[in-house]
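Engineer: Pasting a structure below so you can have a look.
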Amino acid sequence: MTFDYPNSDVLLEAAHREQLFPKLVAQLRKDFGLANIPIEIPNSLDSKALSSLIHEKVYYLILEKFDEYLQLLYVIDVPEKAFKHIHMTDVVEVAEQMTLLILRRELQKVWYKKKYTP
């Protein structure tokens, strides 16, 4: 499985195809919790709504609670080299690009767990 998706929508479609969407949601809840960042993700959430929810949370953290945002990236383990490819235009676009990086890393985690757990 490749993890180089052009946007969050395509990534989440792949998660559905691989039947990893529920595990992706669970991983997001877990990592946000480990970073002490409250987030409520309903079980009935669809792909677009999940992407929007994460985007809004990342946007808020960047603007209002930058230290918590950095803690979240540390907990999720977003690679530092990925930051170099972020185009710094405005906060909305940065939050969108960071949402993709977060979702990509979380999908990697659940995919590897599925593949290598007996």
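Numbering starts fresh at 1 for the residues of each chain in the structure tokens, the chains themselves are lettered A, B, ... in the order given, and ligands are numbered from 1 as they appear.
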Run DSSP on the backbone and tell me which residues of region 21-111 of chain A come out as helix (DSSP H, G or I); list them as an MDAnalysis selection string.
Structural biologist: chainID A and resid 21:34 47:64 66:76 80:83 91:111
Engineer: Hey, could you make a per-residue contact list for region 85-117 of chain A against region 46-68 of chain A with 7 Å as the cut-off, showing the nearest pair of atoms and its distance in Å to one decimal, counting only C-alpha atoms, sorted by chain and number, as a Markdown table?
Structural biologist:
| residue | atom | partner | partner_atom | distance |
| --- | --- | --- | --- | --- |
| A:Val91 | CA | A:Tyr59 | CA | 6.9 |
| A:Val92 | CA | A:Tyr59 | CA | 6.5 |
| A:Ala95 | CA | A:Tyr59 | CA | 5.1 |
| A:Glu96 | CA | A:His55 | CA | 5.8 |
| A:Thr99 | CA | A:His55 | CA | 5.5 |
Engineer: Include all heavy atoms and write out the residues we just selected as a PDB file, in the first residue's frame.
Structural biologist:
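Produced file again09.pdb, reproduced below:
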ATOM      1  N   VAL A  91      -2.692  30.198   7.194  1.00  0.00           N
ATOM      2  CA  VAL A  91      -2.921  29.201   8.234  1.00  0.00           C
ATOM      3  C   VAL A  91      -3.922  28.133   7.786  1.00  0.00           C
ATOM      4  O   VAL A  91      -3.769  26.964   8.126  1.00  0.00           O
ATOM      5  CB  VAL A  91      -3.387  29.877   9.540  1.00  0.00           C
ATOM      6  CG1 VAL A  91      -3.642  28.845  10.620  1.00  0.00           C
ATOM      7  CG2 VAL A  91      -2.365  30.885  10.010  1.00  0.00           C
ATOM      8  N   VAL A  92      -4.911  28.523   7.019  1.00  0.00           N
ATOM      9  CA  VAL A  92      -5.915  27.559   6.565  1.00  0.00           C
ATOM     10  C   VAL A  92      -5.261  26.482   5.697  1.00  0.00           C
ATOM     11  O   VAL A  92      -5.494  25.289   5.886  1.00  0.00           O
ATOM     12  CB  VAL A  92      -7.062  28.260   5.796  1.00  0.00           C
ATOM     13  CG1 VAL A  92      -8.025  27.243   5.212  1.00  0.00           C
ATOM     14  CG2 VAL A  92      -7.785  29.226   6.707  1.00  0.00           C
ATOM     15  N   ALA A  95      -2.944  24.277   7.795  1.00  0.00           N
ATOM     16  CA  ALA A  95      -3.744  23.324   8.567  1.00  0.00           C
ATOM     17  C   ALA A  95      -4.239  22.193   7.665  1.00  0.00           C
ATOM     18  O   ALA A  95      -4.280  21.028   8.090  1.00  0.00           O
ATOM     19  CB  ALA A  95      -4.915  24.030   9.233  1.00  0.00           C
ATOM     20  N   GLU A  96      -4.591  22.510   6.436  1.00  0.00           N
ATOM     21  CA  GLU A  96      -5.048  21.486   5.498  1.00  0.00           C
ATOM     22  C   GLU A  96      -3.918  20.511   5.175  1.00  0.00           C
ATOM     23  O   GLU A  96      -4.115  19.286   5.170  1.00  0.00           O
ATOM     24  CB  GLU A  96      -5.550  22.149   4.222  1.00  0.00           C
ATOM     25  CG  GLU A  96      -6.135  21.199   3.214  1.00  0.00           C
ATOM     26  CD  GLU A  96      -6.682  21.931   1.997  1.00  0.00           C
ATOM     27  OE1 GLU A  96      -7.343  22.966   2.171  1.00  0.00           O
ATOM     28  OE2 GLU A  96      -6.437  21.452   0.887  1.00  0.00           O
ATOM     29  N   THR A  99      -3.204  18.388   8.198  1.00  0.00           N
ATOM     30  CA  THR A  99      -4.246  17.376   8.353  1.00  0.00           C
ATOM     31  C   THR A  99      -3.919  16.160   7.498  1.00  0.00           C
ATOM     32  O   THR A  99      -4.038  15.016   7.957  1.00  0.00           O
ATOM     33  CB  THR A  99      -5.627  17.953   7.969  1.00  0.00           C
ATOM     34  OG1 THR A  99      -5.927  19.033   8.847  1.00  0.00           O
ATOM     35  CG2 THR A  99      -6.719  16.903   8.031  1.00  0.00           C
TER      36      THR A  99
END
Engineer: Measuring between only C-alpha atoms, which one of A:Ala35, A:Leu101, A:Ala14, A:Leu70 shows the shortest distance to His85 (chain A)?
Structural biologist: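 Looking at the shortest contact to His85 (chain A), the residue is A:Leu101.
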Engineer: State, in Å with one decimal place, the distance from CA of Lys81 (chain A) to CA of Tyr5 (chain A).
Structural biologist: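 So the two atoms, CA of Lys81 (chain A) and CA of Tyr5 (chain A), lie 16.4 Å apart.
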Engineer: Would you work out the distance separating CA of Asn43 (chain A) from CA of Leu28 (chain A), expressed in Å to one decimal?
Structural biologist: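 Spanning CA of Asn43 (chain A) to CA of Leu28 (chain A) is a straight-line distance of 12.1 Å.
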Engineer: Can you tell me how far CA of Ile86 (chain A) sits from CA of Leu100 (chain A), in Å to one decimal?
Structural biologist: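 Atom-to-atom, CA of Ile86 (chain A) to CA of Leu100 (chain A), that is 10.7 Å.
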Engineer: Between A:Gln27, A:Thr117, A:Ser8, A:Thr89, which one has atoms that come closest to Val75 (chain A), using only C-alpha atoms?
Structural biologist: A:Gln27
Engineer: Name all residues at most 12 Å from Glu18 (chain A) (count only C-alpha atoms; drop same-chain ones fewer than 3 positions away) and give them as a list in words.
Structural biologist: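 Surrounding residues, per the criterion: Met1, Thr2, Leu11, Leu12, Glu13, Ala14, Ala15, Phe21, Pro22, Lys23, Leu24, Leu107, Gln108, Val110, Trp111, Lys114 and Lys115 of chain A.
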